[in-house]
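Quick notes on the structure that follows.
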Amino acid sequence: MFRIATLALIACVLISGCDAGRDAAASPREWRFALEEPVGSVQHEYALRFKQKIEERTEGRITVTVYPYGELGTSDQITEQLQLGAVQFAMASPGHLGKLIPEIQVFLLHFALSESEDVNREVLGDARVQEAIDELYAEKGMRFLSAFSEGWQVWTTRKPIRELADFEGVKMRVMTSPLLLAAYAAYGASATPLPYSEVYSALQLNMIDGQVNPIFAIQEMSFHEVTDWLTFPNLAPFITTVVAGREFFERLSPTDRQLALEATAELDDEIFRVQQRFNRDRLELIREQRPDLHIETLSGKERDAFRERSRSVAAAFDELAGKRGATLRQLLKTVVHETEAAVHEP
Ligand code: 6CS
């Protein structure tokens, strides 16, 4: 189904009568925005707000068509479609994008960001960090627009996981970026990469024993229905990025480019509050839907064991992502420290 949708979109770009076709490239009336998450998700809310801002401000001159997950394909296929010009905007999460851009996996490293969501919001908005990301994205035909957190990543598993030994023999589903395999392998799990759409059935069929995602995603994908333990390890938030096709973006009129930049800049703050609300409310929903689900949080001491083990993963990152990756990791560390220090200043 995904392949057919992709081919249809590409065909649409190649024929001149289509909105996304050659004539429209300089000033298209339709901006297609592809998501890695379904209707009702954080990414969907982001795209709806983006659509509203653009359509209102252009008084309908531009229409934004939102494609929730499932309509155009997996995350990898969405990225391909963006690169081909079949969609103009997309979400691109490092958890999948790391295969194409190894350096972006810095956002998958555990303990790389702050424990404070406010600090992380500022770090992701830092001009130095954003420029470094855009330089990497430019090489792959993408224009970086924004990065935001969708909330802390939470484990749902068949059995309790509190220490490294608990991961032994556990088939843990991760997104498809290689660093995630290294991370969960370092913890002793058998890491299994799968597209998002396959996780529920893999859990149901006992092909995997657990997965990791923010609370809102766990609830809307019903992962809590097919696992018995939900654990907050607080190792890393889920980071995603908003991207545009580079050629498309550069060919926009200055006014339209500015409109897109303004909308995404405004959304940085809005989506921060949205994800907090979604994650809070959906946790309540999970409690109602599964009163027997065990909900746990790792203690500081328990987290320290994972922190210690994750040091080897940072070394694996440097190998996977090379010199530029190591530079980005160092930049991120510096910006996190600076921002934490600024926040704690009296
Ligand atoms: O786990 C995944 O694959 C997905 N999780 C979220 C929260 N968003 C998109 C991503 O593909």
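Simple scheme: letters A, B, ... for chains in structure tokens order, numbers from 1 for residues in each chain, numbers from 1 for ligands in the order shown.
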
Please extract the residues at most 7 Å from ligand 1, counting only C-alpha atoms and all ligand atoms, and provide them as a PyMOL selection string, using the chain letters and residue numbers of this document.
-> chain A and resi 36-37+75+93+96+150+174-175+195-196+213-214+217+238

Between stretch 214-269 of chain A and stretch 135-139 of chain A, at 10 Å or less, what are the per-residue closest atom pairs and their distances in Å? Count only C-alpha atoms, order by chain and rising residue number, and return it as CSV.
residue,atom,partner,partner_atom,distance
A:Val243,CA,A:Tyr137,CA,8.7
A:Ala244,CA,A:Tyr137,CA,9.9
A:Gly245,CA,A:Ala138,CA,9.3
A:Arg246,CA,A:Ala138,CA,6.9
A:Glu247,CA,A:Ala138,CA,9.7

Output all heavy atoms of each residue in that selection to a file, as a compact mmCIF listing (two decimals), in the first residue's frame.
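result_18.txt was written with the following content:
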# COMPACT_ATOMS: atom_id res chain seq x y z
N VAL A 243 11.26 19.19 8.72
CA VAL A 243 12.11 19.49 7.57
C VAL A 243 11.27 19.89 6.36
O VAL A 243 10.09 19.53 6.25
CB VAL A 243 13.00 18.28 7.19
CG1 VAL A 243 14.03 18.00 8.24
CG2 VAL A 243 12.16 17.04 6.92
N ALA A 244 11.93 20.60 5.46
CA ALA A 244 11.32 20.90 4.15
C ALA A 244 12.28 20.38 3.08
O ALA A 244 13.48 20.19 3.35
CB ALA A 244 11.13 22.40 3.98
N GLY A 245 11.77 20.16 1.88
CA GLY A 245 12.65 19.82 0.77
C GLY A 245 13.52 21.05 0.49
O GLY A 245 13.00 22.16 0.42
N ARG A 246 14.82 20.85 0.36
CA ARG A 246 15.71 22.00 0.26
C ARG A 246 15.46 22.82 -1.02
O ARG A 246 15.37 24.05 -0.99
CB ARG A 246 17.17 21.56 0.32
CG ARG A 246 18.08 22.72 0.63
CD ARG A 246 19.33 22.34 1.34
NE ARG A 246 19.96 23.53 1.86
CZ ARG A 246 19.98 23.88 3.13
NH1 ARG A 246 19.42 23.10 4.04
NH2 ARG A 246 20.56 24.98 3.53
N GLU A 247 15.35 22.11 -2.13
CA GLU A 247 15.16 22.82 -3.40
C GLU A 247 13.83 23.59 -3.38
O GLU A 247 13.77 24.76 -3.76
CB GLU A 247 15.17 21.81 -4.54
CG GLU A 247 15.54 22.44 -5.85
CD GLU A 247 15.38 21.47 -6.99
OE1 GLU A 247 15.78 20.30 -6.84
OE2 GLU A 247 14.83 21.88 -8.02

I'd like a table as a Markdown table: residues in stretch 257-298 of chain A with an atom no more than 12 Å from stretch 302-314 of chain A, each row giving the shortest atom pair and its distance in Å to one decimal, only C-alpha atoms counted, sorted by chain and rising residue number.
| residue | atom | partner | partner_atom | distance |
| --- | --- | --- | --- | --- |
| A:Glu296 | CA | A:Glu302 | CA | 11.9 |
| A:Thr297 | CA | A:Glu302 | CA | 9.5 |
| A:Leu298 | CA | A:Glu302 | CA | 5.7 |

Enter the distance from atom CA of A:Gln275 to atom CA of A:Val42, in Å, rounded to one decimal.
-> 6.0 Å

Skipping near chain neighbours, those fewer than 2 positions away, what residues fall within 8 Å of A:Arg121 using only C-alpha atoms, listed as number ranges by chain?
-> A: 117-119, 123-125, 148-149, 272

Of the listed residues A:Gln77, A:Ser197, A:Asn279, A:Gln43, that which approaches A:Leu267 most closely, counting only C-alpha atoms |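 Smallest distance to A:Leu267 is found for A:Gln43.
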
Using only C-alpha atoms, which protein or nucleic acid residues come within 12 Å of A:Lys333? Drop anything in the same chain fewer than 2 positions from it, and give the result as a PDB file with all heavy atoms, in the first residue's frame.
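In the end it all went to out33.pdb:
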ATOM      1  N   VAL A 106      23.076  11.664  17.444  1.00  0.00           N
ATOM      2  CA  VAL A 106      23.489  12.266  18.711  1.00  0.00           C
ATOM      3  C   VAL A 106      22.256  12.453  19.609  1.00  0.00           C
ATOM      4  O   VAL A 106      22.345  12.372  20.844  1.00  0.00           O
ATOM      5  CB  VAL A 106      24.250  13.599  18.467  1.00  0.00           C
ATOM      6  CG1 VAL A 106      23.312  14.701  18.016  1.00  0.00           C
ATOM      7  CG2 VAL A 106      25.039  14.014  19.689  1.00  0.00           C
ATOM      8  N   PHE A 107      21.094  12.674  18.975  1.00  0.00           N
ATOM      9  CA  PHE A 107      19.866  12.894  19.755  1.00  0.00           C
ATOM     10  C   PHE A 107      19.263  11.594  20.272  1.00  0.00           C
ATOM     11  O   PHE A 107      18.238  11.612  20.939  1.00  0.00           O
ATOM     12  CB  PHE A 107      18.841  13.679  18.927  1.00  0.00           C
ATOM     13  CG  PHE A 107      19.297  15.089  18.655  1.00  0.00           C
ATOM     14  CD1 PHE A 107      19.723  15.463  17.390  1.00  0.00           C
ATOM     15  CD2 PHE A 107      19.350  16.014  19.683  1.00  0.00           C
ATOM     16  CE1 PHE A 107      20.167  16.750  17.151  1.00  0.00           C
ATOM     17  CE2 PHE A 107      19.797  17.304  19.456  1.00  0.00           C
ATOM     18  CZ  PHE A 107      20.210  17.676  18.185  1.00  0.00           C
ATOM     19  N   LEU A 109      21.382   9.449  21.871  1.00  0.00           N
ATOM     20  CA  LEU A 109      22.262   9.047  22.979  1.00  0.00           C
ATOM     21  C   LEU A 109      21.563   9.268  24.320  1.00  0.00           C
ATOM     22  O   LEU A 109      20.993  10.335  24.559  1.00  0.00           O
ATOM     23  CB  LEU A 109      23.553   9.870  22.945  1.00  0.00           C
ATOM     24  CG  LEU A 109      24.559   9.486  21.859  1.00  0.00           C
ATOM     25  CD1 LEU A 109      25.647  10.549  21.756  1.00  0.00           C
ATOM     26  CD2 LEU A 109      25.174   8.118  22.157  1.00  0.00           C
ATOM     27  N   PHE A 111      21.273  10.129  28.144  1.00  0.00           N
ATOM     28  CA  PHE A 111      21.937  11.079  29.056  1.00  0.00           C
ATOM     29  C   PHE A 111      22.659  12.211  28.318  1.00  0.00           C
ATOM     30  O   PHE A 111      23.433  12.944  28.913  1.00  0.00           O
ATOM     31  CB  PHE A 111      22.936  10.371  29.988  1.00  0.00           C
ATOM     32  CG  PHE A 111      22.304   9.279  30.799  1.00  0.00           C
ATOM     33  CD1 PHE A 111      22.461   7.945  30.435  1.00  0.00           C
ATOM     34  CD2 PHE A 111      21.542   9.565  31.917  1.00  0.00           C
ATOM     35  CE1 PHE A 111      21.860   6.923  31.177  1.00  0.00           C
ATOM     36  CE2 PHE A 111      20.946   8.558  32.671  1.00  0.00           C
ATOM     37  CZ  PHE A 111      21.107   7.226  32.291  1.00  0.00           C
ATOM     38  N   ALA A 112      22.422  12.372  27.012  1.00  0.00           N
ATOM     39  CA  ALA A 112      23.102  13.455  26.268  1.00  0.00           C
ATOM     40  C   ALA A 112      22.417  14.791  26.513  1.00  0.00           C
ATOM     41  O   ALA A 112      23.059  15.837  26.488  1.00  0.00           O
ATOM     42  CB  ALA A 112      23.107  13.152  24.778  1.00  0.00           C
ATOM     43  N   LEU A 113      21.111  14.753  26.735  1.00  0.00           N
ATOM     44  CA  LEU A 113      20.378  15.993  26.993  1.00  0.00           C
ATOM     45  C   LEU A 113      20.171  16.159  28.494  1.00  0.00           C
ATOM     46  O   LEU A 113      20.581  15.318  29.299  1.00  0.00           O
ATOM     47  CB  LEU A 113      19.056  15.981  26.224  1.00  0.00           C
ATOM     48  CG  LEU A 113      19.211  16.209  24.707  1.00  0.00           C
ATOM     49  CD1 LEU A 113      17.958  15.826  23.960  1.00  0.00           C
ATOM     50  CD2 LEU A 113      19.579  17.663  24.406  1.00  0.00           C
ATOM     51  N   SER A 114      19.522  17.250  28.862  1.00  0.00           N
ATOM     52  CA  SER A 114      19.334  17.557  30.282  1.00  0.00           C
ATOM     53  C   SER A 114      18.158  16.762  30.860  1.00  0.00           C
ATOM     54  O   SER A 114      17.312  16.260  30.116  1.00  0.00           O
ATOM     55  CB  SER A 114      19.050  19.044  30.417  1.00  0.00           C
ATOM     56  OG  SER A 114      18.694  19.382  31.731  1.00  0.00           O
ATOM     57  N   ASN A 120      16.143  21.465  27.693  1.00  0.00           N
ATOM     58  CA  ASN A 120      16.206  20.806  26.380  1.00  0.00           C
ATOM     59  C   ASN A 120      15.524  21.630  25.289  1.00  0.00           C
ATOM     60  O   ASN A 120      15.974  21.670  24.159  1.00  0.00           O
ATOM     61  CB  ASN A 120      15.600  19.403  26.460  1.00  0.00           C
ATOM     62  CG  ASN A 120      16.466  18.484  27.308  1.00  0.00           C
ATOM     63  OD1 ASN A 120      17.655  18.744  27.459  1.00  0.00           O
ATOM     64  ND2 ASN A 120      15.875  17.448  27.856  1.00  0.00           N
ATOM     65  N   VAL A 123      17.991  24.168  24.305  1.00  0.00           N
ATOM     66  CA  VAL A 123      19.120  23.554  23.592  1.00  0.00           C
ATOM     67  C   VAL A 123      18.718  23.276  22.140  1.00  0.00           C
ATOM     68  O   VAL A 123      19.473  23.559  21.201  1.00  0.00           O
ATOM     69  CB  VAL A 123      19.565  22.246  24.300  1.00  0.00           C
ATOM     70  CG1 VAL A 123      20.551  21.466  23.447  1.00  0.00           C
ATOM     71  CG2 VAL A 123      20.164  22.564  25.673  1.00  0.00           C
ATOM     72  N   LEU A 124      17.516  22.743  21.950  1.00  0.00           N
ATOM     73  CA  LEU A 124      17.064  22.403  20.593  1.00  0.00           C
ATOM     74  C   LEU A 124      16.827  23.654  19.749  1.00  0.00           C
ATOM     75  O   LEU A 124      16.869  23.602  18.525  1.00  0.00           O
ATOM     76  CB  LEU A 124      15.787  21.551  20.650  1.00  0.00           C
ATOM     77  CG  LEU A 124      15.966  20.168  21.284  1.00  0.00           C
ATOM     78  CD1 LEU A 124      14.622  19.484  21.464  1.00  0.00           C
ATOM     79  CD2 LEU A 124      16.901  19.294  20.465  1.00  0.00           C
ATOM     80  N   VAL A 129      23.349  24.777  17.377  1.00  0.00           N
ATOM     81  CA  VAL A 129      22.888  23.393  17.195  1.00  0.00           C
ATOM     82  C   VAL A 129      22.095  23.301  15.889  1.00  0.00           C
ATOM     83  O   VAL A 129      22.297  22.399  15.069  1.00  0.00           O
ATOM     84  CB  VAL A 129      22.034  22.940  18.414  1.00  0.00           C
ATOM     85  CG1 VAL A 129      21.407  21.581  18.171  1.00  0.00           C
ATOM     86  CG2 VAL A 129      22.882  22.939  19.684  1.00  0.00           C
ATOM     87  N   ALA A 314      28.383   5.996  23.663  1.00  0.00           N
ATOM     88  CA  ALA A 314      28.886   7.289  23.157  1.00  0.00           C
ATOM     89  C   ALA A 314      30.118   7.032  22.284  1.00  0.00           C
ATOM     90  O   ALA A 314      30.280   7.664  21.226  1.00  0.00           O
ATOM     91  CB  ALA A 314      29.225   8.213  24.316  1.00  0.00           C
ATOM     92  N   ALA A 326      31.307  13.529  16.269  1.00  0.00           N
ATOM     93  CA  ALA A 326      31.959  13.814  17.555  1.00  0.00           C
ATOM     94  C   ALA A 326      31.907  15.318  17.849  1.00  0.00           C
ATOM     95  O   ALA A 326      31.697  15.737  18.997  1.00  0.00           O
ATOM     96  CB  ALA A 326      33.399  13.306  17.530  1.00  0.00           C
ATOM     97  N   THR A 327      32.066  16.132  16.804  1.00  0.00           N
ATOM     98  CA  THR A 327      32.003  17.590  16.995  1.00  0.00           C
ATOM     99  C   THR A 327      30.595  18.001  17.433  1.00  0.00           C
ATOM    100  O   THR A 327      30.422  18.834  18.333  1.00  0.00           O
ATOM    101  CB  THR A 327      32.389  18.317  15.676  1.00  0.00           C
ATOM    102  OG1 THR A 327      33.632  17.795  15.245  1.00  0.00           O
ATOM    103  CG2 THR A 327      32.478  19.810  15.855  1.00  0.00           C
ATOM    104  N   LEU A 328      29.598  17.398  16.800  1.00  0.00           N
ATOM    105  CA  LEU A 328      28.208  17.724  17.166  1.00  0.00           C
ATOM    106  C   LEU A 328      27.910  17.270  18.596  1.00  0.00           C
ATOM    107  O   LEU A 328      27.236  17.973  19.365  1.00  0.00           O
ATOM    108  CB  LEU A 328      27.238  17.069  16.169  1.00  0.00           C
ATOM    109  CG  LEU A 328      25.748  17.329  16.390  1.00  0.00           C
ATOM    110  CD1 LEU A 328      25.415  18.816  16.402  1.00  0.00           C
ATOM    111  CD2 LEU A 328      24.901  16.635  15.313  1.00  0.00           C
ATOM    112  N   ARG A 329      28.447  16.116  18.954  1.00  0.00           N
ATOM    113  CA  ARG A 329      28.230  15.618  20.333  1.00  0.00           C
ATOM    114  C   ARG A 329      28.840  16.589  21.343  1.00  0.00           C
ATOM    115  O   ARG A 329      28.247  16.907  22.373  1.00  0.00           O
ATOM    116  CB  ARG A 329      28.841  14.220  20.485  1.00  0.00           C
ATOM    117  CG  ARG A 329      28.565  13.594  21.844  1.00  0.00           C
ATOM    118  CD  ARG A 329      28.760  12.102  21.791  1.00  0.00           C
ATOM    119  NE  ARG A 329      30.137  11.680  21.874  1.00  0.00           N
ATOM    120  CZ  ARG A 329      30.815  11.538  23.001  1.00  0.00           C
ATOM    121  NH1 ARG A 329      30.237  11.815  24.158  1.00  0.00           N
ATOM    122  NH2 ARG A 329      32.063  11.135  22.991  1.00  0.00           N
ATOM    123  N   GLN A 330      30.039  17.082  21.009  1.00  0.00           N
ATOM    124  CA  GLN A 330      30.709  18.027  21.903  1.00  0.00           C
ATOM    125  C   GLN A 330      29.928  19.334  21.987  1.00  0.00           C
ATOM    126  O   GLN A 330      29.742  19.895  23.072  1.00  0.00           O
ATOM    127  CB  GLN A 330      32.143  18.281  21.403  1.00  0.00           C
ATOM    128  CG  GLN A 330      33.018  19.053  22.380  1.00  0.00           C
ATOM    129  CD  GLN A 330      32.996  18.465  23.803  1.00  0.00           C
ATOM    130  OE1 GLN A 330      33.197  17.251  23.986  1.00  0.00           O
ATOM    131  NE2 GLN A 330      32.705  19.294  24.803  1.00  0.00           N
ATOM    132  N   LEU A 331      29.425  19.784  20.833  1.00  0.00           N
ATOM    133  CA  LEU A 331      28.641  21.033  20.808  1.00  0.00           C
ATOM    134  C   LEU A 331      27.399  20.886  21.690  1.00  0.00           C
ATOM    135  O   LEU A 331      27.079  21.765  22.501  1.00  0.00           O
ATOM    136  CB  LEU A 331      28.244  21.366  19.360  1.00  0.00           C
ATOM    137  CG  LEU A 331      27.256  22.534  19.203  1.00  0.00           C
ATOM    138  CD1 LEU A 331      27.895  23.855  19.637  1.00  0.00           C
ATOM    139  CD2 LEU A 331      26.768  22.652  17.758  1.00  0.00           C
ATOM    140  N   VAL A 335      26.396  23.120  24.921  1.00  0.00           N
ATOM    141  CA  VAL A 335      25.171  23.927  24.970  1.00  0.00           C
ATOM    142  C   VAL A 335      24.288  23.481  26.146  1.00  0.00           C
ATOM    143  O   VAL A 335      23.679  24.310  26.835  1.00  0.00           O
ATOM    144  CB  VAL A 335      24.408  23.858  23.614  1.00  0.00           C
ATOM    145  CG1 VAL A 335      23.116  24.645  23.669  1.00  0.00           C
ATOM    146  CG2 VAL A 335      25.283  24.390  22.486  1.00  0.00           C
ATOM    147  N   VAL A 336      24.243  22.173  26.408  1.00  0.00           N
ATOM    148  CA  VAL A 336      23.455  21.691  27.554  1.00  0.00           C
ATOM    149  C   VAL A 336      24.031  22.281  28.848  1.00  0.00           C
ATOM    150  O   VAL A 336      23.289  22.827  29.675  1.00  0.00           O
ATOM    151  CB  VAL A 336      23.432  20.139  27.608  1.00  0.00           C
ATOM    152  CG1 VAL A 336      22.866  19.648  28.938  1.00  0.00           C
ATOM    153  CG2 VAL A 336      22.614  19.559  26.454  1.00  0.00           C
ATOM    154  N   HIS A 337      25.355  22.210  28.996  1.00  0.00           N
ATOM    155  CA  HIS A 337      25.975  22.737  30.224  1.00  0.00           C
ATOM    156  C   HIS A 337      25.739  24.230  30.380  1.00  0.00           C
ATOM    157  O   HIS A 337      25.366  24.711  31.443  1.00  0.00           O
ATOM    158  CB  HIS A 337      27.481  22.440  30.236  1.00  0.00           C
ATOM    159  CG  HIS A 337      27.762  21.000  30.541  1.00  0.00           C
ATOM    160  ND1 HIS A 337      28.967  20.384  30.295  1.00  0.00           N
ATOM    161  CD2 HIS A 337      26.961  20.040  31.057  1.00  0.00           C
ATOM    162  CE1 HIS A 337      28.893  19.118  30.650  1.00  0.00           C
ATOM    163  NE2 HIS A 337      27.686  18.877  31.118  1.00  0.00           N
ATOM    164  N   GLU A 338      25.934  24.954  29.275  1.00  0.00           N
ATOM    165  CA  GLU A 338      25.728  26.419  29.317  1.00  0.00           C
ATOM    166  C   GLU A 338      24.288  26.743  29.712  1.00  0.00           C
ATOM    167  O   GLU A 338      24.043  27.616  30.533  1.00  0.00           O
ATOM    168  CB  GLU A 338      25.958  27.020  27.917  1.00  0.00           C
ATOM    169  CG  GLU A 338      27.396  27.271  27.557  1.00  0.00           C
ATOM    170  CD  GLU A 338      27.503  27.762  26.100  1.00  0.00           C
ATOM    171  OE1 GLU A 338      26.492  28.169  25.483  1.00  0.00           O
ATOM    172  OE2 GLU A 338      28.628  27.725  25.604  1.00  0.00           O
ATOM    173  N   THR A 339      23.352  26.022  29.102  1.00  0.00           N
ATOM    174  CA  THR A 339      21.938  26.332  29.350  1.00  0.00           C
ATOM    175  C   THR A 339      21.561  25.943  30.774  1.00  0.00           C
ATOM    176  O   THR A 339      20.839  26.695  31.447  1.00  0.00           O
ATOM    177  CB  THR A 339      21.047  25.590  28.321  1.00  0.00           C
ATOM    178  OG1 THR A 339      21.615  25.742  27.039  1.00  0.00           O
ATOM    179  CG2 THR A 339      19.627  26.118  28.324  1.00  0.00           C
ATOM    180  N   GLU A 340      22.068  24.822  31.240  1.00  0.00           N
ATOM    181  CA  GLU A 340      21.774  24.428  32.625  1.00  0.00           C
ATOM    182  C   GLU A 340      22.328  25.461  33.596  1.00  0.00           C
ATOM    183  O   GLU A 340      21.656  25.851  34.562  1.00  0.00           O
ATOM    184  CB  GLU A 340      22.347  23.041  32.923  1.00  0.00           C
ATOM    185  CG  GLU A 340      21.471  21.926  32.357  1.00  0.00           C
ATOM    186  CD  GLU A 340      21.991  20.528  32.637  1.00  0.00           C
ATOM    187  OE1 GLU A 340      23.231  20.386  32.836  1.00  0.00           O
ATOM    188  OE2 GLU A 340      21.174  19.597  32.633  1.00  0.00           O
TER     189      GLU A 340
END

What is the distance between atom CA of A:Val274 and atom CA of A:Gly73, in Å to one decimal?
->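 Between atom CA of A:Val274 and atom CA of A:Gly73 the gap works out to 25.0 Å.
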
Determine which residues of stretch 279-333 of chain A DSSP labels as strand (DSSP E) from the backbone of this structure, then write them out as a list in words.
->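 Across stretch 279-333 of chain A, those assigned strand (DSSP E) are His294, Ile295, Glu296 and Thr297 of chain A.
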
Keeping only N, CA and C atoms, take the residues you just selected and write them out as a compact mmCIF listing (two decimals), in the first residue's frame.
# COMPACT_ATOMS: atom_id res chain seq x y z
N HIS A 294 1.46 -2.35 35.55
CA HIS A 294 2.43 -1.90 36.56
C HIS A 294 3.15 -0.67 36.03
N ILE A 295 3.08 0.43 36.77
CA ILE A 295 3.74 1.67 36.32
C ILE A 295 4.86 2.01 37.30
N GLU A 296 6.08 2.05 36.80
CA GLU A 296 7.26 2.20 37.66
C GLU A 296 8.15 3.33 37.15
N THR A 297 8.99 3.84 38.06
CA THR A 297 10.02 4.82 37.66
C THR A 297 11.34 4.34 38.25

Atom CA of A:Asn234 to atom CA of A:Glu319, distance in Å rounded to a single decimal |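 Distance reported for this atom pair: 25.1 Å.
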
Within 7 Å of A:Val154, counting only C-alpha atoms, which residues qualify if same-chain residues fewer than 3 places away don't, as a VMD selection string?
-> chain A and resid 212 to 215 230 to 233

Print the selection's residues with C-alpha atoms to a file, as a PDB file, in the first residue's frame.
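Saved as out_37.pdb:
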ATOM      1  CA  VAL A 212      10.223   2.268  23.909  1.00  0.00           C
ATOM      2  CA  ASN A 213       8.238   5.439  23.108  1.00  0.00           C
ATOM      3  CA  PRO A 214       6.679   8.511  24.743  1.00  0.00           C
ATOM      4  CA  ILE A 215       3.454   8.025  26.711  1.00  0.00           C
ATOM      5  CA  LEU A 230       5.447   0.501  31.940  1.00  0.00           C
ATOM      6  CA  THR A 231       8.705   1.955  33.208  1.00  0.00           C
ATOM      7  CA  PHE A 232       9.976   5.533  33.167  1.00  0.00           C
ATOM      8  CA  PRO A 233      13.758   5.181  32.885  1.00  0.00           C
TER       9      PRO A 233
END

Might you pull out every residue within 8 Å of A:Pro102, with only C-alpha atoms counted and same-chain residues fewer than 2 positions away left off, and present them as a PyMOL selection string?
-> chain A and resi 97-100+104-105+320-321+325

Let's have the selection written as a CSV table (one decimal), in the first residue's frame, with all heavy atoms.
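Generated file (selection.csv):
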chain,number,residue,atom,x,y,z
A,97,LEU,N,16.1,8.5,10.9
A,97,LEU,CA,17.0,9.2,10.0
A,97,LEU,C,18.5,8.9,10.1
A,97,LEU,O,19.3,9.2,9.2
A,97,LEU,CB,16.7,10.7,10.2
A,97,LEU,CG,17.2,11.7,9.2
A,97,LEU,CD1,16.5,11.4,7.8
A,97,LEU,CD2,17.0,13.1,9.6
A,98,GLY,N,18.8,8.3,11.3
A,98,GLY,CA,20.2,8.0,11.5
A,98,GLY,C,20.9,7.1,10.5
A,98,GLY,O,22.1,7.0,10.4
A,99,LYS,N,20.1,6.3,9.8
A,99,LYS,CA,20.6,5.5,8.7
A,99,LYS,C,21.2,6.3,7.6
A,99,LYS,O,22.2,6.0,7.0
A,99,LYS,CB,19.6,4.5,8.2
A,99,LYS,CG,19.0,3.5,9.2
A,99,LYS,CD,18.1,2.5,8.5
A,99,LYS,CE,16.9,3.0,8.0
A,99,LYS,NZ,16.0,3.8,8.9
A,100,LEU,N,20.5,7.4,7.3
A,100,LEU,CA,20.9,8.3,6.2
A,100,LEU,C,21.9,9.4,6.7
A,100,LEU,O,22.8,9.7,6.0
A,100,LEU,CB,19.6,9.0,5.7
A,100,LEU,CG,19.7,9.9,4.5
A,100,LEU,CD1,20.0,9.0,3.3
A,100,LEU,CD2,18.4,10.6,4.3
A,104,ILE,N,23.1,12.6,13.2
A,104,ILE,CA,21.9,13.0,13.8
A,104,ILE,C,21.5,12.1,15.0
A,104,ILE,O,20.7,12.4,15.9
A,104,ILE,CB,20.7,13.2,12.8
A,104,ILE,CG1,19.6,14.1,13.4
A,104,ILE,CG2,20.1,11.9,12.4
A,104,ILE,CD1,20.1,15.5,13.6
A,105,GLN,N,22.2,10.9,15.0
A,105,GLN,CA,21.9,10.0,16.1
A,105,GLN,C,22.4,10.5,17.5
A,105,GLN,O,22.2,9.9,18.5
A,105,GLN,CB,22.6,8.6,15.8
A,105,GLN,CG,22.0,8.0,14.6
A,105,GLN,CD,22.7,6.7,14.2
A,105,GLN,OE1,22.1,5.6,14.4
A,105,GLN,NE2,23.9,6.8,13.8
A,320,LEU,N,30.4,5.5,14.6
A,320,LEU,CA,29.4,5.5,13.5
A,320,LEU,C,29.3,6.9,12.8
A,320,LEU,O,29.1,6.9,11.6
A,320,LEU,CB,28.0,5.2,14.1
A,320,LEU,CG,27.6,3.8,14.5
A,320,LEU,CD1,26.3,3.8,15.3
A,320,LEU,CD2,27.4,3.0,13.2
A,321,ALA,N,29.5,7.9,13.6
A,321,ALA,CA,29.2,9.3,13.1
A,321,ALA,C,30.5,10.0,12.7
A,321,ALA,O,30.4,11.2,12.2
A,321,ALA,CB,28.4,10.0,14.0
A,325,GLY,N,30.3,13.9,13.7
A,325,GLY,CA,29.4,13.4,14.8
A,325,GLY,C,30.0,13.8,16.1
A,325,GLY,O,29.3,14.3,17.0

Shell of 12 Å around A:Ile286, only C-alpha atoms, local chain residues under 5 positions omitted, as a list in words =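 Within the cut-off, the hits are Thr156, Ile215, Phe216, Ala217, Ile218, Gln219, Glu220, Met221, Ser222, Phe223, His224, Glu225, Thr227, Asp228, Trp229, Leu230, Phe278, Asn279, Arg280, Asp281, Pro291, Asp292, Leu293, His294 and Ile295 of chain A.
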
Nearest to A:Met91 by atom-to-atom distance, counting only C-alpha atoms, from A:Ile239, A:Val226, A:Leu179, A:Leu203 |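 Nearest candidate to A:Met91 out of A:Ile239, A:Val226, A:Leu179, A:Leu203: A:Ile239.
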
Please return as a list in words: the residues of stretch 63-101 of chain A that backbone DSSP assigns to helix (DSSP H, G or I).
->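 Matching residues, listed in order: Ser75, Asp76, Gln77, Ile78, Thr79, Glu80, Gln81, Leu82, Gln83, Leu84, Pro94, Gly95, His96 and Leu97 of chain A.
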